[in-house]
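This is model_4.pdb. It holds PDB, C-alpha atoms, pLDDT in the B column.
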ATOM      1  CA  MET A   1      90.733 126.822  82.415  1.00 75.00           C
ATOM      2  CA  LYS A   2      94.403 126.025  82.945  1.00 88.00           C
ATOM      3  CA  ILE A   3      94.950 122.920  85.068  1.00 94.00           C
ATOM      4  CA  LYS A   4      97.903 123.260  87.446  1.00 95.00           C
ATOM      5  CA  ASN A   5      97.005 120.994  90.375  1.00 97.00           C
ATOM      6  CA  ILE A   6      95.150 117.667  90.386  1.00 97.00           C
ATOM      7  CA  LEU A   7      93.990 115.726  93.439  1.00 97.00           C
ATOM      8  CA  ILE A   8      93.756 111.923  93.201  1.00 96.00           C
ATOM      9  CA  THR A   9      91.750 110.341  96.037  1.00 96.00           C
ATOM     10  CA  GLN A  10      94.091 107.350  96.353  1.00 92.00           C
ATOM     11  CA  PRO A  11      97.306 106.582  98.247  1.00 89.00           C
ATOM     12  CA  ALA A  12     100.457 107.590  96.388  1.00 88.00           C
ATOM     13  CA  PRO A  13     101.621 104.734  94.120  1.00 82.00           C
ATOM     14  CA  ASN A  14     104.836 102.904  94.913  1.00 76.00           C
ATOM     15  CA  GLY A  15     107.656 102.926  92.379  1.00 67.00           C
ATOM     16  CA  GLY A  16     106.948 103.758  88.746  1.00 67.00           C
ATOM     17  CA  SER A  17     103.640 105.398  87.941  1.00 82.00           C
ATOM     18  CA  PRO A  18     101.960 106.549  84.703  1.00 86.00           C
ATOM     19  CA  TYR A  19     101.189 109.795  86.526  1.00 91.00           C
ATOM     20  CA  LEU A  20     104.885 110.738  86.383  1.00 91.00           C
ATOM     21  CA  GLU A  21     104.646 110.980  82.602  1.00 92.00           C
ATOM     22  CA  ILE A  22     101.496 113.096  82.901  1.00 94.00           C
ATOM     23  CA  LYS A  23     103.162 115.486  85.371  1.00 93.00           C
ATOM     24  CA  GLU A  24     106.183 115.972  83.138  1.00 93.00           C
ATOM     25  CA  LYS A  25     104.321 116.186  79.834  1.00 94.00           C
ATOM     26  CA  PHE A  26     101.807 118.796  81.006  1.00 95.00           C
ATOM     27  CA  ASN A  27     103.943 120.498  83.683  1.00 94.00           C
ATOM     28  CA  LEU A  28     101.432 120.114  86.480  1.00 95.00           C
ATOM     29  CA  ASN A  29     101.292 118.862  90.078  1.00 96.00           C
ATOM     30  CA  ILE A  30      99.418 115.732  91.202  1.00 96.00           C
ATOM     31  CA  ASP A  31      98.696 115.125  94.893  1.00 96.00           C
ATOM     32  CA  PHE A  32      97.487 111.781  96.253  1.00 96.00           C
ATOM     33  CA  ILE A  33      95.158 112.205  99.241  1.00 97.00           C
ATOM     34  CA  PRO A  34      92.866 109.285 100.259  1.00 96.00           C
ATOM     35  CA  PHE A  35      89.343 110.459 101.089  1.00 97.00           C
ATOM     36  CA  ILE A  36      88.365 107.173 102.754  1.00 95.00           C
ATOM     37  CA  ARG A  37      89.934 104.090 104.257  1.00 92.00           C
ATOM     38  CA  VAL A  38      88.513 100.583 104.211  1.00 89.00           C
ATOM     39  CA  GLU A  39      88.896  98.299 107.216  1.00 91.00           C
ATOM     40  CA  GLY A  40      88.013  94.666 107.623  1.00 93.00           C
ATOM     41  CA  LEU A  41      85.469  93.547 110.197  1.00 93.00           C
ATOM     42  CA  SER A  42      86.546  91.844 113.398  1.00 92.00           C
ATOM     43  CA  ALA A  43      85.505  88.235 113.928  1.00 93.00           C
ATOM     44  CA  ARG A  44      83.076  89.418 116.594  1.00 93.00           C
ATOM     45  CA  ASP A  45      81.331  91.848 114.243  1.00 93.00           C
ATOM     46  CA  PHE A  46      81.292  89.287 111.456  1.00 94.00           C
ATOM     47  CA  ARG A  47      79.716  86.593 113.639  1.00 93.00           C
ATOM     48  CA  SER A  48      76.762  88.891 114.333  1.00 94.00           C
ATOM     49  CA  GLN A  49      75.701  88.347 110.699  1.00 94.00           C
ATOM     50  CA  ARG A  50      75.293  84.611 111.382  1.00 94.00           C
ATOM     51  CA  VAL A  51      77.048  83.639 108.152  1.00 94.00           C
ATOM     52  CA  ASN A  52      78.903  80.331 108.015  1.00 91.00           C
ATOM     53  CA  LEU A  53      81.801  80.709 105.575  1.00 88.00           C
ATOM     54  CA  GLN A  54      82.132  76.947 105.234  1.00 87.00           C
ATOM     55  CA  ASP A  55      78.587  76.559 103.889  1.00 93.00           C
ATOM     56  CA  HIS A  56      79.728  77.894 100.514  1.00 96.00           C
ATOM     57  CA  SER A  57      81.468  76.273  97.577  1.00 96.00           C
ATOM     58  CA  ALA A  58      82.453  79.578  95.929  1.00 97.00           C
ATOM     59  CA  VAL A  59      83.342  83.096  97.032  1.00 97.00           C
ATOM     60  CA  VAL A  60      82.965  86.327  95.050  1.00 97.00           C
ATOM     61  CA  PHE A  61      85.416  89.211  95.474  1.00 96.00           C
ATOM     62  CA  THR A  62      84.994  92.687  94.013  1.00 89.00           C
ATOM     63  CA  SER A  63      88.011  94.265  95.740  1.00 88.00           C
ATOM     64  CA  ARG A  64      91.411  93.554  97.261  1.00 90.00           C
ATOM     65  CA  SER A  65      90.241  94.788 100.658  1.00 92.00           C
ATOM     66  CA  ALA A  66      87.535  92.114 100.662  1.00 94.00           C
ATOM     67  CA  ILE A  67      90.201  89.470  99.976  1.00 96.00           C
ATOM     68  CA  ASP A  68      92.314  90.742 102.881  1.00 96.00           C
ATOM     69  CA  SER A  69      89.336  90.710 105.221  1.00 96.00           C
ATOM     70  CA  PHE A  70      88.192  87.227 104.146  1.00 96.00           C
ATOM     71  CA  PHE A  71      91.525  85.545 104.799  1.00 96.00           C
ATOM     72  CA  HIS A  72      92.134  87.463 108.029  1.00 96.00           C
ATOM     73  CA  LEU A  73      88.707  86.407 109.313  1.00 95.00           C
ATOM     74  CA  CYS A  74      89.382  82.785 108.404  1.00 94.00           C
ATOM     75  CA  GLU A  75      92.665  82.977 110.291  1.00 94.00           C
ATOM     76  CA  GLU A  76      91.117  84.714 113.306  1.00 94.00           C
ATOM     77  CA  MET A  77      88.281  82.190 113.480  1.00 93.00           C
ATOM     78  CA  ARG A  78      90.664  79.312 112.770  1.00 93.00           C
ATOM     79  CA  LEU A  79      88.741  78.152 109.724  1.00 92.00           C
ATOM     80  CA  THR A  80      90.361  75.829 107.200  1.00 91.00           C
ATOM     81  CA  ILE A  81      89.727  76.928 103.623  1.00 91.00           C
ATOM     82  CA  PRO A  82      89.095  73.856 101.448  1.00 91.00           C
ATOM     83  CA  GLU A  83      91.209  73.496  98.320  1.00 90.00           C
ATOM     84  CA  SER A  84      87.998  72.891  96.370  1.00 93.00           C
ATOM     85  CA  LEU A  85      86.735  76.428  97.054  1.00 95.00           C
ATOM     86  CA  LYS A  86      86.150  78.402  93.855  1.00 96.00           C
ATOM     87  CA  TYR A  87      87.149  82.071  93.619  1.00 97.00           C
ATOM     88  CA  PHE A  88      85.251  84.485  91.364  1.00 97.00           C
ATOM     89  CA  CYS A  89      86.643  88.006  91.000  1.00 94.00           C
ATOM     90  CA  MET A  90      85.356  91.122  89.282  1.00 88.00           C
ATOM     91  CA  THR A  91      88.652  91.766  87.481  1.00 86.00           C
ATOM     92  CA  GLU A  92      91.888  90.014  86.604  1.00 88.00           C
ATOM     93  CA  SER A  93      93.904  92.315  88.880  1.00 85.00           C
ATOM     94  CA  VAL A  94      91.716  91.435  91.868  1.00 90.00           C
ATOM     95  CA  ALA A  95      92.132  87.746  91.012  1.00 92.00           C
ATOM     96  CA  PHE A  96      95.931  88.065  90.869  1.00 91.00           C
ATOM     97  CA  TYR A  97      95.869  89.591  94.357  1.00 93.00           C
ATOM     98  CA  LEU A  98      94.815  86.175  95.665  1.00 95.00           C
ATOM     99  CA  GLN A  99      98.455  85.137  95.245  1.00 93.00           C
ATOM    100  CA  LYS A 100      99.114  86.920  98.537  1.00 94.00           C
ATOM    101  CA  TYR A 101      97.215  84.138 100.325  1.00 94.00           C
ATOM    102  CA  ILE A 102      97.018  81.057  98.117  1.00 89.00           C
ATOM    103  CA  ILE A 103      99.013  79.202  95.479  1.00 83.00           C
ATOM    104  CA  TYR A 104      97.314  80.695  92.437  1.00 80.00           C
ATOM    105  CA  ARG A 105      97.910  77.897  89.941  1.00 79.00           C
ATOM    106  CA  LYS A 106      96.527  75.250  92.298  1.00 81.00           C
ATOM    107  CA  ARG A 107      93.146  76.880  92.855  1.00 86.00           C
ATOM    108  CA  LYS A 108      89.980  77.310  90.824  1.00 92.00           C
ATOM    109  CA  ILE A 109      90.040  81.024  90.031  1.00 94.00           C
ATOM    110  CA  PHE A 110      87.807  82.869  87.578  1.00 95.00           C
ATOM    111  CA  TYR A 111      87.358  86.569  86.789  1.00 92.00           C
ATOM    112  CA  GLY A 112      85.189  88.941  84.800  1.00 90.00           C
ATOM    113  CA  LYS A 113      86.002  92.077  82.831  1.00 84.00           C
ATOM    114  CA  GLY A 114      85.273  94.654  85.510  1.00 78.00           C
ATOM    115  CA  ASN A 115      81.478  94.626  85.344  1.00 82.00           C
ATOM    116  CA  ILE A 116      78.658  92.518  86.768  1.00 89.00           C
ATOM    117  CA  PRO A 117      77.340  91.070  83.464  1.00 92.00           C
ATOM    118  CA  SER A 118      80.780  89.669  82.617  1.00 91.00           C
ATOM    119  CA  LEU A 119      81.039  88.132  86.094  1.00 94.00           C
ATOM    120  CA  ILE A 120      77.640  86.438  85.693  1.00 96.00           C
ATOM    121  CA  GLU A 121      78.721  85.245  82.249  1.00 95.00           C
ATOM    122  CA  THR A 122      81.897  83.784  83.770  1.00 95.00           C
ATOM    123  CA  ILE A 123      79.816  81.800  86.248  1.00 96.00           C
ATOM    124  CA  GLY A 124      77.590  80.633  83.399  1.00 93.00           C
ATOM    125  CA  SER A 125      75.882  77.256  83.472  1.00 91.00           C
ATOM    126  CA  LYS A 126      79.031  75.416  84.513  1.00 94.00           C
ATOM    127  CA  HIS A 127      78.985  76.829  88.054  1.00 95.00           C
ATOM    128  CA  LYS A 128      75.299  77.641  88.478  1.00 94.00           C
ATOM    129  CA  ASN A 129      74.815  74.953  91.136  1.00 96.00           C
ATOM    130  CA  ASP A 130      77.450  76.383  93.466  1.00 97.00           C
ATOM    131  CA  THR A 131      76.564  78.222  96.657  1.00 97.00           C
ATOM    132  CA  PHE A 132      78.204  81.660  96.503  1.00 98.00           C
ATOM    133  CA  LEU A 133      79.428  83.914  99.279  1.00 97.00           C
ATOM    134  CA  LEU A 134      79.114  87.524  98.107  1.00 97.00           C
ATOM    135  CA  THR A 135      81.716  89.575  99.968  1.00 96.00           C
ATOM    136  CA  LEU A 136      80.457  93.137 100.293  1.00 93.00           C
ATOM    137  CA  ALA A 137      81.295  96.474 101.900  1.00 89.00           C
ATOM    138  CA  ASP A 138      78.934  98.123 104.366  1.00 87.00           C
ATOM    139  CA  CYS A 139      77.901 100.711 101.746  1.00 79.00           C
ATOM    140  CA  TYR A 140      77.443  98.257  98.867  1.00 81.00           C
ATOM    141  CA  LYS A 141      75.178  98.907  95.913  1.00 77.00           C
ATOM    142  CA  PRO A 142      72.357  96.379  95.336  1.00 86.00           C
ATOM    143  CA  GLU A 143      73.255  95.636  91.701  1.00 88.00           C
ATOM    144  CA  LEU A 144      75.407  92.571  92.467  1.00 92.00           C
ATOM    145  CA  PRO A 145      72.841  90.692  94.613  1.00 95.00           C
ATOM    146  CA  GLN A 146      70.132  91.677  92.138  1.00 95.00           C
ATOM    147  CA  ALA A 147      72.145  90.174  89.276  1.00 95.00           C
ATOM    148  CA  PHE A 148      72.578  86.916  91.217  1.00 97.00           C
ATOM    149  CA  ASP A 149      68.828  86.862  91.889  1.00 97.00           C
ATOM    150  CA  LYS A 150      68.072  87.389  88.209  1.00 96.00           C
ATOM    151  CA  ALA A 151      70.480  84.594  87.239  1.00 96.00           C
ATOM    152  CA  GLY A 152      68.835  82.242  89.710  1.00 96.00           C
ATOM    153  CA  LEU A 153      72.037  81.674  91.674  1.00 97.00           C
ATOM    154  CA  LYS A 154      72.154  80.595  95.305  1.00 97.00           C
ATOM    155  CA  TYR A 155      74.131  83.011  97.454  1.00 97.00           C
ATOM    156  CA  THR A 156      74.640  84.601 100.867  1.00 97.00           C
ATOM    157  CA  LYS A 157      75.523  88.241 101.418  1.00 96.00           C
ATOM    158  CA  ALA A 158      78.385  88.873 103.835  1.00 96.00           C
ATOM    159  CA  ILE A 159      79.630  92.307 104.905  1.00 95.00           C
ATOM    160  CA  LEU A 160      83.411  91.994 105.274  1.00 95.00           C
ATOM    161  CA  THR A 161      84.581  95.612 105.265  1.00 94.00           C
ATOM    162  CA  HIS A 162      83.389  99.004 106.414  1.00 91.00           C
ATOM    163  CA  THR A 163      84.285 102.416 105.023  1.00 91.00           C
ATOM    164  CA  ILE A 164      85.656 105.170 107.237  1.00 93.00           C
ATOM    165  CA  ILE A 165      85.538 108.802 106.139  1.00 95.00           C
ATOM    166  CA  GLU A 166      88.917 110.527 106.496  1.00 96.00           C
ATOM    167  CA  ASP A 167      89.268 113.947 108.113  1.00 96.00           C
ATOM    168  CA  LEU A 168      89.962 116.304 105.203  1.00 97.00           C
ATOM    169  CA  SER A 169      90.022 119.563 107.163  1.00 95.00           C
ATOM    170  CA  PRO A 170      93.753 120.115 106.380  1.00 96.00           C
ATOM    171  CA  VAL A 171      93.087 119.834 102.619  1.00 96.00           C
ATOM    172  CA  GLU A 172      92.930 123.125 100.731  1.00 95.00           C
ATOM    173  CA  LEU A 173      90.405 122.279  98.012  1.00 93.00           C
ATOM    174  CA  LYS A 174      90.671 125.680  96.313  1.00 92.00           C
ATOM    175  CA  LYS A 175      94.183 124.721  95.268  1.00 95.00           C
ATOM    176  CA  TYR A 176      92.909 122.101  92.817  1.00 97.00           C
ATOM    177  CA  GLN A 177      91.417 122.567  89.364  1.00 96.00           C
ATOM    178  CA  MET A 178      90.607 118.834  89.100  1.00 97.00           C
ATOM    179  CA  MET A 179      89.758 115.986  91.486  1.00 97.00           C
ATOM    180  CA  VAL A 180      89.560 112.303  90.565  1.00 97.00           C
ATOM    181  CA  PHE A 181      87.298 109.943  92.544  1.00 96.00           C
ATOM    182  CA  TYR A 182      87.671 106.168  92.654  1.00 90.00           C
ATOM    183  CA  SER A 183      84.617 105.166  94.687  1.00 88.00           C
ATOM    184  CA  PRO A 184      81.194 106.400  95.834  1.00 89.00           C
ATOM    185  CA  GLY A 185      82.766 106.716  99.284  1.00 91.00           C
ATOM    186  CA  ASP A 186      85.087 109.417  97.939  1.00 95.00           C
ATOM    187  CA  VAL A 187      82.066 111.474  96.872  1.00 96.00           C
ATOM    188  CA  ARG A 188      80.414 110.945 100.267  1.00 94.00           C
ATOM    189  CA  SER A 189      83.623 111.989 102.015  1.00 96.00           C
ATOM    190  CA  LEU A 190      83.792 115.221 100.012  1.00 97.00           C
ATOM    191  CA  LEU A 191      80.216 116.147 100.903  1.00 96.00           C
ATOM    192  CA  GLU A 192      80.533 115.219 104.589  1.00 96.00           C
ATOM    193  CA  ASN A 193      83.824 117.064 105.024  1.00 97.00           C
ATOM    194  CA  PHE A 194      82.716 120.087 102.984  1.00 96.00           C
ATOM    195  CA  PRO A 195      78.893 120.331 103.242  1.00 95.00           C
ATOM    196  CA  ASP A 196      78.875 123.741 101.534  1.00 92.00           C
ATOM    197  CA  PHE A 197      80.979 122.581  98.595  1.00 93.00           C
ATOM    198  CA  LYS A 198      80.088 124.028  95.189  1.00 91.00           C
ATOM    199  CA  GLN A 199      81.598 122.658  91.995  1.00 92.00           C
ATOM    200  CA  ASP A 200      82.064 126.055  90.362  1.00 88.00           C
ATOM    201  CA  SER A 201      85.125 125.694  88.101  1.00 85.00           C
ATOM    202  CA  VAL A 202      86.450 122.421  89.562  1.00 95.00           C
ATOM    203  CA  LEU A 203      86.644 119.468  87.163  1.00 97.00           C
ATOM    204  CA  PHE A 204      85.960 115.882  88.204  1.00 98.00           C
ATOM    205  CA  GLY A 205      87.116 112.555  86.847  1.00 97.00           C
ATOM    206  CA  THR A 206      85.697 109.215  88.018  1.00 95.00           C
ATOM    207  CA  PHE A 207      86.581 105.545  87.950  1.00 89.00           C
ATOM    208  CA  GLY A 208      83.785 102.973  87.841  1.00 83.00           C
ATOM    209  CA  ALA A 209      80.082 103.189  87.034  1.00 81.00           C
ATOM    210  CA  ASN A 210      79.039 103.405  90.705  1.00 80.00           C
ATOM    211  CA  THR A 211      81.366 106.350  91.298  1.00 89.00           C
ATOM    212  CA  ALA A 212      80.011 108.181  88.257  1.00 91.00           C
ATOM    213  CA  THR A 213      76.455 107.575  89.482  1.00 90.00           C
ATOM    214  CA  ALA A 214      77.268 108.844  92.981  1.00 91.00           C
ATOM    215  CA  LEU A 215      78.745 112.012  91.492  1.00 95.00           C
ATOM    216  CA  LYS A 216      75.620 112.635  89.413  1.00 96.00           C
ATOM    217  CA  GLU A 217      73.373 112.000  92.418  1.00 95.00           C
ATOM    218  CA  ALA A 218      75.344 114.703  94.244  1.00 95.00           C
ATOM    219  CA  ASN A 219      74.541 117.099  91.364  1.00 95.00           C
ATOM    220  CA  LEU A 220      78.192 117.210  90.319  1.00 96.00           C
ATOM    221  CA  GLN A 221      79.444 116.682  86.771  1.00 95.00           C
ATOM    222  CA  ALA A 222      82.411 114.667  85.515  1.00 96.00           C
ATOM    223  CA  CYS A 223      84.628 115.797  82.666  1.00 95.00           C
ATOM    224  CA  PHE A 224      85.737 112.207  82.071  1.00 95.00           C
ATOM    225  CA  GLU A 225      84.785 108.725  83.228  1.00 93.00           C
ATOM    226  CA  ALA A 226      86.900 105.563  83.247  1.00 90.00           C
ATOM    227  CA  PRO A 227      87.166 102.811  82.327  1.00 84.00           C
ATOM    228  CA  THR A 228      86.338 103.009  78.633  1.00 86.00           C
ATOM    229  CA  PRO A 229      87.556 100.941  75.661  1.00 85.00           C
ATOM    230  CA  GLU A 230      89.935 103.778  74.786  1.00 89.00           C
ATOM    231  CA  ALA A 231      91.036 104.386  78.372  1.00 88.00           C
ATOM    232  CA  PRO A 232      90.764 101.374  80.695  1.00 82.00           C
ATOM    233  CA  SER A 233      92.570 103.237  83.509  1.00 86.00           C
ATOM    234  CA  VAL A 234      92.230 106.656  85.129  1.00 91.00           C
ATOM    235  CA  ALA A 235      95.756 107.612  84.077  1.00 91.00           C
ATOM    236  CA  GLN A 236      94.937 106.908  80.425  1.00 93.00           C
ATOM    237  CA  ALA A 237      91.611 108.743  80.637  1.00 94.00           C
ATOM    238  CA  LEU A 238      93.338 111.724  82.261  1.00 95.00           C
ATOM    239  CA  MET A 239      96.033 111.732  79.584  1.00 95.00           C
ATOM    240  CA  LEU A 240      93.421 111.748  76.801  1.00 95.00           C
ATOM    241  CA  TYR A 241      91.483 114.570  78.447  1.00 96.00           C
ATOM    242  CA  LEU A 242      94.554 116.742  78.940  1.00 95.00           C
ATOM    243  CA  GLU A 243      95.739 116.137  75.364  1.00 93.00           C
ATOM    244  CA  LYS A 244      92.338 117.135  74.029  1.00 91.00           C
ATOM    245  CA  HIS A 245      92.066 120.294  76.153  1.00 87.00           C
ATOM    246  CA  LYS A 246      95.665 121.449  76.419  1.00 75.00           C
TER     247      LYS A 246
END

With the file now loaded, output its structure as structure tokens.
Amino acid sequence: MKIKNILITQPAPNGGSPYLEIKEKFNLNIDFIPFIRVEGLSARDFRSQRVNLQDHSAVVFTSRSAIDSFFHLCEEMRLTIPESLKYFCMTESVAFYLQKYIIYRKRKIFYGKGNIPSLIETIGSKHKNDTFLLTLADCYKPELPQAFDKAGLKYTKAILTHTIIEDLSPVELKKYQMMVFYSPGDVRSLLENFPDFKQDSVLFGTFGANTATALKEANLQACFEAPTPEAPSVAQALMLYLEKHK
């Protein structure tokens, strides 16, 4: 099957993008159409969880949207964030995003390698006595709390963001030979917007283990999954796939 049009379920990147090279090298079109949007909770909705942010000595972030929501909530509720607070992030890129709100070099910031085992390893024995705030989305998977339970760590779950399904009725899916999903919410959005969808000859790419699992649970198959040692990003995984099947 000749691939002419690819749909990426993310906002269009600003400035330079590795997708430009892919478009030119393989003479194809790539459209960026978000399938979901993530919004932070209001202080009122957050308070209903009865979670005291200041009862914790460490906070765990798995996404940039969780960081935005955390600091906006602290500002809205007029909470002072202690300089001693430790920040644990799933990836280095998420950790670097903290620079938007704090002076990075003056804080205790740690990060894993993009998966839960590496995050638990980063916490290790040195930080095992901390009390962790797990910042989660409303549709979170249970693997992260389960890993903290298994490691014997003290934590509180806090929902900071909720996922909103975008209206995709203007999108002409038949135009695309490939779609790339970045989150389980993208898969849910596809199925809710197009309940009669059949994969047929459409190819799928995924980013993240949870996204790949959600696709399989929907009885859809991926032609590539990222990240991998050979392709840590979707752009690299897409490039490798197209080179192999051109």

Evaluate the PyMOL selection byres ((chain A and resi 188) around 10) against this structure - the residues, as a list in words, please.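 Here the PyMOL selection byres ((chain A and resi 188) around 10) matches Phe35, Ile36, Ile165, Ser183, Pro184, Gly185, Asp186, Val187, Ser189, Leu190, Leu191, Glu192, Asn193, Phe194, Pro195, Ala214, Leu215 and Ala218 of chain A.
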
Given the file shown, enumerate the residues that the PyMOL selection byres ((chain A and resi 242) around 12) captures and present them as a list in words. Met1, Lys2, Ile3, Lys4, Ile6, Ile22, Lys23, Lys25, Phe26, Asn27, Leu28, Met178, Leu203, Gly205, Cys223, Phe224, Ala235, Gln236, Ala237, Leu238, Met239, Leu240, Tyr241, Glu243, Lys244, His245 and Lys246 of chain A

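Atom pair atom CA of A:Lys86 / atom CA of A:His72: separated by 17.9 Å.
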
Expressed in Å to a single decimal, how great is the separation between atom CA of A:Thr228 and atom CA of A:Lys150? 25.9 Å

Pick from A:Thr156, A:Pro227, A:Lys175, A:Thr213 nearest to A:Arg50, counting all atoms listed in the file: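 Nearest candidate to A:Arg50 out of A:Thr156, A:Pro227, A:Lys175, A:Thr213: A:Thr156.
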
Just give me the gap between atom CA of A:Gln177 and atom CA of A:Phe204 in Å, one decimal is fine.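 Separating atom CA of A:Gln177 from atom CA of A:Phe204 is a distance of 8.7 Å.
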
Using only C-alpha atoms, pick whichever of A:Glu172, A:Asp68, A:Glu230, A:Asp55 has the shortest atom-to-atom distance to A:Phe132. A:Asp55

Option closest in space to A:Phe70, from A:Asp31, A:Asp196, A:Asp130, A:Glu39 [counting only C-alpha atoms]: A:Glu39

If you apply the PyMOL selection byres ((chain A and resi 10) around 8) to this file, what residues do you get, as a list in words?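 For this structure, the PyMOL selection byres ((chain A and resi 10) around 8) resolves to Ile8, Thr9, Pro11, Ala12, Phe32, Ile33, Pro34, Phe35 and Tyr182 of chain A.
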
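Using all atoms listed in the file for every distance, the candidate list A:Asp200, A:Asp138, A:Glu83, A:Glu143 yields A:Asp138 as the residue closest to A:Val38.
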
Around the point (79.2, 91.0, 113.7) (coordinates from the file), which residues reach within 12 Å if we count only C-alpha atoms? Answer as a list in words. Gly40, Leu41, Ser42, Ala43, Arg44, Asp45, Phe46, Arg47, Ser48, Gln49, Arg50, Val51, Leu73, Asp138, Ala158, Ile159, Leu160, Thr161 and His162 of chain A

Restricting the output to C-alpha atoms, write the selected residues as a PDB file, in the coordinates of the input.
ATOM      1  CA  GLY A  40      88.013  94.666 107.623  1.00 93.00           C
ATOM      2  CA  LEU A  41      85.469  93.547 110.197  1.00 93.00           C
ATOM      3  CA  SER A  42      86.546  91.844 113.398  1.00 92.00           C
ATOM      4  CA  ALA A  43      85.505  88.235 113.928  1.00 93.00           C
ATOM      5  CA  ARG A  44      83.076  89.418 116.594  1.00 93.00           C
ATOM      6  CA  ASP A  45      81.331  91.848 114.243  1.00 93.00           C
ATOM      7  CA  PHE A  46      81.292  89.287 111.456  1.00 94.00           C
ATOM      8  CA  ARG A  47      79.716  86.593 113.639  1.00 93.00           C
ATOM      9  CA  SER A  48      76.762  88.891 114.333  1.00 94.00           C
ATOM     10  CA  GLN A  49      75.701  88.347 110.699  1.00 94.00           C
ATOM     11  CA  ARG A  50      75.293  84.611 111.382  1.00 94.00           C
ATOM     12  CA  VAL A  51      77.048  83.639 108.152  1.00 94.00           C
ATOM     13  CA  LEU A  73      88.707  86.407 109.313  1.00 95.00           C
ATOM     14  CA  ASP A 138      78.934  98.123 104.366  1.00 87.00           C
ATOM     15  CA  ALA A 158      78.385  88.873 103.835  1.00 96.00           C
ATOM     16  CA  ILE A 159      79.630  92.307 104.905  1.00 95.00           C
ATOM     17  CA  LEU A 160      83.411  91.994 105.274  1.00 95.00           C
ATOM     18  CA  THR A 161      84.581  95.612 105.265  1.00 94.00           C
ATOM     19  CA  HIS A 162      83.389  99.004 106.414  1.00 91.00           C
TER      20      HIS A 162
END

Looking at all atoms listed in the file, which of A:Lys113, A:Ala231, A:Arg37, A:Gln221 is the one that sits closest to A:Ile164?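 Ranked by minimum distance to A:Ile164, first place goes to A:Arg37.
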
Go ahead and find all residues with at least one atom no further than 12 Å from (73.2, 80.9, 99.6) in the file's coordinates, using only C-alpha atoms; report them as a list in words.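 Residues close enough to count: Val51, Asn52, Leu53, Gln54, Asp55, His56, Ser57, Ala58, Val59, Lys128, Asn129, Asp130, Thr131, Phe132, Leu133, Leu134, Pro145, Phe148, Asp149, Gly152, Leu153, Lys154, Tyr155, Thr156, Lys157 and Ala158 of chain A.
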
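With only C-alpha atoms taken into account, the protein and nucleic acid residues at most 9 Å from A:Tyr87 (excluding it and anything under 3 positions from it in its own chain) are A:Ala58, A:Val59, A:Val60, A:Phe61, A:Ala95, A:Leu98, A:Arg107, A:Lys108, A:Ile109, A:Phe110, A:Tyr111.
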
Write to file, as a short mmCIF file (atom, residue, chain, number, x, y, z; two decimals), keeping the file's coordinate frame, the residues of the selection just made, with C-alpha atoms.
data_model
loop_
_atom_site.label_atom_id
_atom_site.label_comp_id
_atom_site.auth_asym_id
_atom_site.auth_seq_id
_atom_site.Cartn_x
_atom_site.Cartn_y
_atom_site.Cartn_z
CA ALA A 58 82.45 79.58 95.93
CA VAL A 59 83.34 83.10 97.03
CA VAL A 60 82.96 86.33 95.05
CA PHE A 61 85.42 89.21 95.47
CA ALA A 95 92.13 87.75 91.01
CA LEU A 98 94.82 86.18 95.66
CA ARG A 107 93.15 76.88 92.86
CA LYS A 108 89.98 77.31 90.82
CA ILE A 109 90.04 81.02 90.03
CA PHE A 110 87.81 82.87 87.58
CA TYR A 111 87.36 86.57 86.79
#

Counting all atoms listed in the file, figure out which residue out of A:Lys174, A:Lys141, A:Lys198, A:Arg64 gets nearest to A:Lys100.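 With all atoms listed in the file as the atom set, the closest residue is A:Arg64.
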